[in-house]
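*Asks:* Please find one structure pasted underneath; my questions will follow.
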Amino acid sequence: MITKIKVLLAIRQGQIGGGESHVLNLVHFLDKEQFEPIVLSFTPGPMVDRLRESGIVTYVIDSKSPVNFQMWKQVKALLQKEKIDLVHAHGTRANMNIIWAAKQCKIPVIYTVHGWSFHSDQSFLVQTARIIAERKLTRWSHLTITVSDSNHKTGQQLIKGFQSRVIFNGIDMTRFRRDQPFNDIRTPYNIPANHTVVVFIARMTLQKDPITMIQAFKYVADRYPDMTLLMIGQGDLDQAVSDAIAQNGLQKRVVRDDFRLDVADVLNASDIYCLPSHWEGQPIGLIEAMAMGKAVIATHVDGSKELVQDGVNGLLIDPQQPKQLASAIERLHTDRKLHKRLAEQAYHLSRERYDAAFMADYIEDAYRTTLSETKPGYSRPSLSQTSPLKKKDISRLETQERAF
């Protein structure tokens with residue numbers, strides 16, 4: 001009988017966002033004959049509910065602050081109770097919450113950076129403090145994974161001696177197929193069948209910039225009566241979003257709803273996907289929209305700019321530029337040939353490069369590598385023995401290992 005490797009996947013919150021979707025996909029595609037995933041979230045939410053419904057052991061240690069010694073003791077007790085072999089922390093806050101306890105228990109930590117916590121729009125002091133924090137987290141972790149080449153390069157530029165393994169995000173392609181039956185979304189929302197639906201599916205936070213989204217839509221809504229903006233998500237800016245909709249007189253043109261798990265149905269009902277973020281790691285929502293063959297607009301920031309090539313498979317704009325965003329929306333609304341061409345190119349790229357099944361293969365190999373380097377007596381199997389990867393993907397992974 002093979003003893004399974006117990007991996008604790010830690011994530012900041014139980015809501016549904018990019019990092020949380022990543023964890024859901026990873027847990028789903030991990031080889032359960034070799035690995036036993038256990039999830040720790042630091043808030044409750046629909047991700048936690050979904051994991052528990054699927055039979056995954058999931059804990060919640062509710063905490064709003066990373067500096068909480070009592071919470072760290074709870075984390076340590078959990079690691080010992082479950083006899084965890086390996087910790088995989090997703091995001092800065094999750095790693096800050098768990099790294100001390102893991103080190104106390106002599107458990108190796110893999111840290112996935114889902115976008116850096118430092119950004120160019122922060123004050124010098126805040127940015128410097130966060131760079132220092134990330135430097136410590138990456139050094140204390142046995143292995144750092146970045147989800148985009150741009151995040152890897154940013155780490156090399158700002159953190160001395162930084163190294164990471166780049167493993168792109170992936171989505172469950174079986175859930176995002178254009179040729180499957182979908183539930184009707186437009187009718188319950190009272191969206192006319194002839195309307196072009198612009199969709200914004202993201203947390204209502206400063207990072208995702210829903211206010212710029214509303215300001216941009218105001219410009220196009222005044223010119224085109226056959227357009228609706230559908231905003232799906234929750235967050236710190238919920239009230240600010242409601243206020244902006246009212247101030248711009250868009251109550252009848254903008255439909256809002258909380259997080260939904262049937263994202264494919266929402267995307268099927270939409271025409272244009274917008275993501276005007278200030279920063280990104282590698283946005284899973286953008287990959288999902290591309291996989292559904294939607295025309296996409298994103299900002300020229302880390303992660304997004306790797307997915308979208310302006311004028312080839314989508315449109316890129318500068319952050320915090322509502323007029324640029326409005327112009328891009330107008331182009332896709334009025335130029336159907338451009339709309340179709342960009343959507344088709346996005347569709348093919350996403351399905352070729354961003355499959356969660358292969359993402360899980362790469363991460364499993366990272367687990368094995370880490371265990372072979374940190375656990376006496378653990379023998380790392382060869383890729384051919386452990387993974388269904390195609391030969392070209394094995395070659396790519398081995399090249400990736402040498403590079404980083």
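Every chain in the structure tokens takes a letter, A first, then B, and so on in the order presented; its residues are numbered from 1, and the ligands are numbered from 1 following the presented order.
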As a PyMOL selection string, please: every residue in stretch 182-366 of chain A that a backbone DSSP assignment puts in helix (DSSP H, G or I).
*Replies:* chain A and resi 210-223+238-247+263-268+284-291+304-307+322-334+336-353+356-366
*Asks:* Please identify all polymer residues within 8 Å of A:Asn169, counting only C-alpha atoms, omitting same-chain residues fewer than 4 positions from it, and present them as a ChimeraX atom specification.
*Replies:* /A:22,147,282,284,354-356,359
*Asks:* Could you tell me which of A:Lys340, A:Arg135, A:Lys6, A:Arg93 comes closest to A:Gln80 if we count only C-alpha atoms?
*Replies:*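 Among A:Lys340, A:Arg135, A:Lys6, A:Arg93, it is A:Lys6 that comes nearest to A:Gln80.
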*Asks:* Have a look at A:Gln215, A:Ser270, A:Thr112, A:Gln207 and name the one nearest to A:Asn194; count only C-alpha atoms.
*Replies:*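 Smallest separation from A:Asn194 among the options: A:Ser270.
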*Asks:* For a quick check of understanding, using only C-alpha atoms, which of A:Ile38, A:Val312, A:Ile84, A:Ile159 has the smallest distance to A:Glu134?
*Replies:*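 Distance minimum relative to A:Glu134 lands on A:Ile159.
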*Asks:* Looking at only C-alpha atoms, which of A:Leu26, A:Thr374, A:Arg139, A:Val255 is the one that sits closest to A:Asn190?
*Replies:*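 Checking each of A:Leu26, A:Thr374, A:Arg139, A:Val255 against A:Asn190, counting only C-alpha atoms, the winner is A:Val255.
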*Asks:* Per DSSP on the backbone, filter stretch 120-303 of chain A down to the residues in strand (DSSP E) and report them as an mmCIF file with N, CA and C atoms, in the first residue's frame.
*Replies:*
```cif
data_model
loop_
_atom_site.group_PDB
_atom_site.id
_atom_site.type_symbol
_atom_site.label_atom_id
_atom_site.label_comp_id
_atom_site.auth_asym_id
_atom_site.auth_seq_id
_atom_site.Cartn_x
_atom_site.Cartn_y
_atom_site.Cartn_z
ATOM 1 N N LEU A 143 10.572 26.501 -2.080
ATOM 2 C CA LEU A 143 10.415 26.740 -3.513
ATOM 3 C C LEU A 143 9.356 27.805 -3.714
ATOM 4 N N THR A 144 9.623 28.731 -4.631
ATOM 5 C CA THR A 144 8.626 29.726 -5.018
ATOM 6 C C THR A 144 8.162 29.439 -6.436
ATOM 7 N N ILE A 145 6.861 29.465 -6.614
ATOM 8 C CA ILE A 145 6.258 29.322 -7.942
ATOM 9 C C ILE A 145 5.670 30.668 -8.328
ATOM 10 N N THR A 146 5.951 31.119 -9.551
ATOM 11 C CA THR A 146 5.270 32.286 -10.103
ATOM 12 C C THR A 146 4.381 31.818 -11.239
ATOM 13 N N ARG A 165 10.062 28.886 -10.015
ATOM 14 C CA ARG A 165 9.648 28.025 -11.127
ATOM 15 C C ARG A 165 8.353 28.595 -11.678
ATOM 16 N N VAL A 166 8.311 28.868 -12.959
ATOM 17 C CA VAL A 166 7.115 29.436 -13.589
ATOM 18 C C VAL A 166 6.174 28.298 -13.984
ATOM 19 N N THR A 196 -25.684 43.923 -26.623
ATOM 20 C CA THR A 196 -24.299 43.501 -26.414
ATOM 21 C C THR A 196 -24.038 43.556 -24.911
ATOM 22 N N VAL A 197 -23.639 42.426 -24.340
ATOM 23 C CA VAL A 197 -23.408 42.355 -22.895
ATOM 24 C C VAL A 197 -21.908 42.448 -22.619
ATOM 25 N N VAL A 198 -21.547 43.507 -21.907
ATOM 26 C CA VAL A 198 -20.181 43.680 -21.422
ATOM 27 C C VAL A 198 -20.147 43.118 -20.012
ATOM 28 N N VAL A 199 -19.222 42.197 -19.759
ATOM 29 C CA VAL A 199 -19.214 41.537 -18.453
ATOM 30 C C VAL A 199 -17.933 41.843 -17.683
ATOM 31 N N PHE A 200 -18.112 42.083 -16.387
ATOM 32 C CA PHE A 200 -17.017 42.310 -15.451
ATOM 33 C C PHE A 200 -17.221 41.308 -14.327
ATOM 34 N N ILE A 201 -16.380 40.262 -14.281
ATOM 35 C CA ILE A 201 -16.494 39.219 -13.253
ATOM 36 C C ILE A 201 -15.227 39.274 -12.409
ATOM 37 N N MET A 227 -26.749 48.220 -25.183
ATOM 38 C CA MET A 227 -25.641 47.618 -24.428
ATOM 39 C C MET A 227 -26.011 47.530 -22.952
ATOM 40 N N THR A 228 -25.560 46.439 -22.313
ATOM 41 C CA THR A 228 -25.764 46.238 -20.872
ATOM 42 C C THR A 228 -24.445 45.838 -20.244
ATOM 43 N N LEU A 229 -24.172 46.386 -19.069
ATOM 44 C CA LEU A 229 -23.001 45.981 -18.296
ATOM 45 C C LEU A 229 -23.454 45.041 -17.187
ATOM 46 N N LEU A 230 -22.859 43.846 -17.149
ATOM 47 C CA LEU A 230 -23.161 42.851 -16.119
ATOM 48 C C LEU A 230 -21.945 42.742 -15.208
ATOM 49 N N MET A 231 -22.131 43.087 -13.930
ATOM 50 C CA MET A 231 -21.034 43.064 -12.960
ATOM 51 C C MET A 231 -21.299 41.978 -11.920
ATOM 52 N N ILE A 232 -20.397 41.002 -11.862
ATOM 53 C CA ILE A 232 -20.537 39.862 -10.961
ATOM 54 C C ILE A 232 -19.382 39.869 -9.966
ATOM 55 N N VAL A 254 -26.936 48.826 -15.862
ATOM 56 C CA VAL A 254 -25.956 47.963 -15.199
ATOM 57 C C VAL A 254 -26.690 46.947 -14.330
ATOM 58 N N VAL A 255 -26.350 45.679 -14.500
ATOM 59 C CA VAL A 255 -26.909 44.597 -13.679
ATOM 60 C C VAL A 255 -25.812 44.107 -12.754
ATOM 61 N N ARG A 256 -26.109 44.031 -11.457
ATOM 62 C CA ARG A 256 -25.135 43.560 -10.473
ATOM 63 C C ARG A 256 -25.608 42.288 -9.796
ATOM 64 N N ASP A 257 -24.646 41.446 -9.445
ATOM 65 C CA ASP A 257 -24.964 40.253 -8.668
ATOM 66 C C ASP A 257 -23.722 39.851 -7.885
ATOM 67 N N ILE A 272 -18.501 40.708 -24.473
ATOM 68 C CA ILE A 272 -17.200 41.354 -24.276
ATOM 69 C C ILE A 272 -16.817 41.223 -22.806
ATOM 70 N N TYR A 273 -15.612 40.726 -22.547
ATOM 71 C CA TYR A 273 -15.120 40.556 -21.179
ATOM 72 C C TYR A 273 -14.088 41.641 -20.904
ATOM 73 N N CYS A 274 -14.260 42.357 -19.798
ATOM 74 C CA CYS A 274 -13.343 43.441 -19.435
ATOM 75 C C CYS A 274 -12.664 43.170 -18.105
ATOM 76 N N LEU A 275 -11.358 43.430 -18.050
ATOM 77 C CA LEU A 275 -10.605 43.287 -16.813
ATOM 78 C C LEU A 275 -9.634 44.474 -16.698
ATOM 79 N N ALA A 295 -14.456 37.953 -26.827
ATOM 80 C CA ALA A 295 -13.543 39.059 -27.086
ATOM 81 C C ALA A 295 -13.189 39.698 -25.749
ATOM 82 N N VAL A 296 -11.890 39.942 -25.507
ATOM 83 C CA VAL A 296 -11.457 40.404 -24.192
ATOM 84 C C VAL A 296 -10.714 41.731 -24.288
ATOM 85 N N ILE A 297 -10.867 42.509 -23.220
ATOM 86 C CA ILE A 297 -10.130 43.764 -23.047
ATOM 87 C C ILE A 297 -9.470 43.693 -21.683
ATOM 88 N N ALA A 298 -8.170 43.966 -21.623
ATOM 89 C CA ALA A 298 -7.446 43.923 -20.361
ATOM 90 C C ALA A 298 -6.443 45.066 -20.319
ATOM 91 N N THR A 299 -5.886 45.301 -19.151
ATOM 92 C CA THR A 299 -4.885 46.344 -18.999
ATOM 93 C C THR A 299 -3.484 45.784 -19.226
#
```
*Asks:* Quick one: residues within 12 Å of A:Ser164, only C-alpha atoms counted, chain neighbours fewer than 6 positions away excluded, as a PyMOL selection string?
*Replies:* chain A and resi 110-113+138-139+141-156+366+400-404
*Asks:* From the set A:His348, A:Asp31, A:Pro283, A:Leu9, which residue has the shortest atom-to-atom contact distance to A:Ile171, counting only C-alpha atoms?
*Replies:*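 Closest to A:Ile171, using only C-alpha atoms: A:Pro283.
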*Asks:* Take atom CA of A:Lys252 and atom CA of A:Asn268 and report the distance between them in Å, one decimal.
*Replies:* 21.6 Å
*Asks:* So which residues touch A:Ala343 within 8 Å, counting only C-alpha atoms, skipping near sequence neighbours fewer than 5 positions away, as a ChimeraX atom specification?
*Replies:* /A:290,293-296,313-314
*Asks:* What lies within 9 Å of A:Lys4 using only C-alpha atoms, ignoring chain neighbours under 6 positions off, as an MDAnalysis selection string?
*Replies:* chainID A and resid 32:36
*Asks:* Skipping near chain neighbours, those fewer than 4 positions away, what residues fall within 12 Å of A:Ala326 using only C-alpha atoms, listed as a ChimeraX atom specification?
*Replies:* /A:198,212-224,272,274,276,297,315-318,320-322,330-333
*Asks:* Using only C-alpha atoms, which protein or nucleic acid residues come within 10 Å of stretch 175-184 of chain A? Drop anything in the same chain fewer than 4 positions from it, and give the result as number ranges by chain.
*Replies:* A: 171, 188-189, 262-269, 287-293, 347, 351
*Asks:* Output the selection as a tab-separated table (two decimals), in the first residue's frame - C-alpha atoms for each residue.
*Replies:*
```tsv
chain	number	residue	atom	x	y	z
A	171	ILE	CA	-8.57	26.04	-15.96
A	188	PRO	CA	-33.55	36.28	-15.20
A	189	TYR	CA	-31.56	39.50	-15.38
A	262	ASP	CA	-21.79	29.06	-12.86
A	263	VAL	CA	-19.22	31.30	-14.54
A	264	ALA	CA	-19.43	29.45	-17.85
A	265	ASP	CA	-23.16	30.23	-18.08
A	266	VAL	CA	-22.46	33.91	-17.38
A	267	LEU	CA	-19.70	34.03	-19.99
A	268	ASN	CA	-21.90	32.30	-22.56
A	269	ALA	CA	-24.48	35.07	-22.10
A	287	ILE	CA	-8.32	32.68	-19.30
A	288	GLU	CA	-11.87	31.42	-18.74
A	289	ALA	CA	-13.33	34.13	-20.97
A	290	MET	CA	-10.80	33.39	-23.71
A	291	ALA	CA	-11.53	29.65	-23.47
A	292	MET	CA	-15.21	30.44	-24.06
A	293	GLY	CA	-14.31	32.34	-27.22
A	347	TYR	CA	-10.08	30.75	-27.88
A	351	ARG	CA	-6.98	25.94	-24.96
```
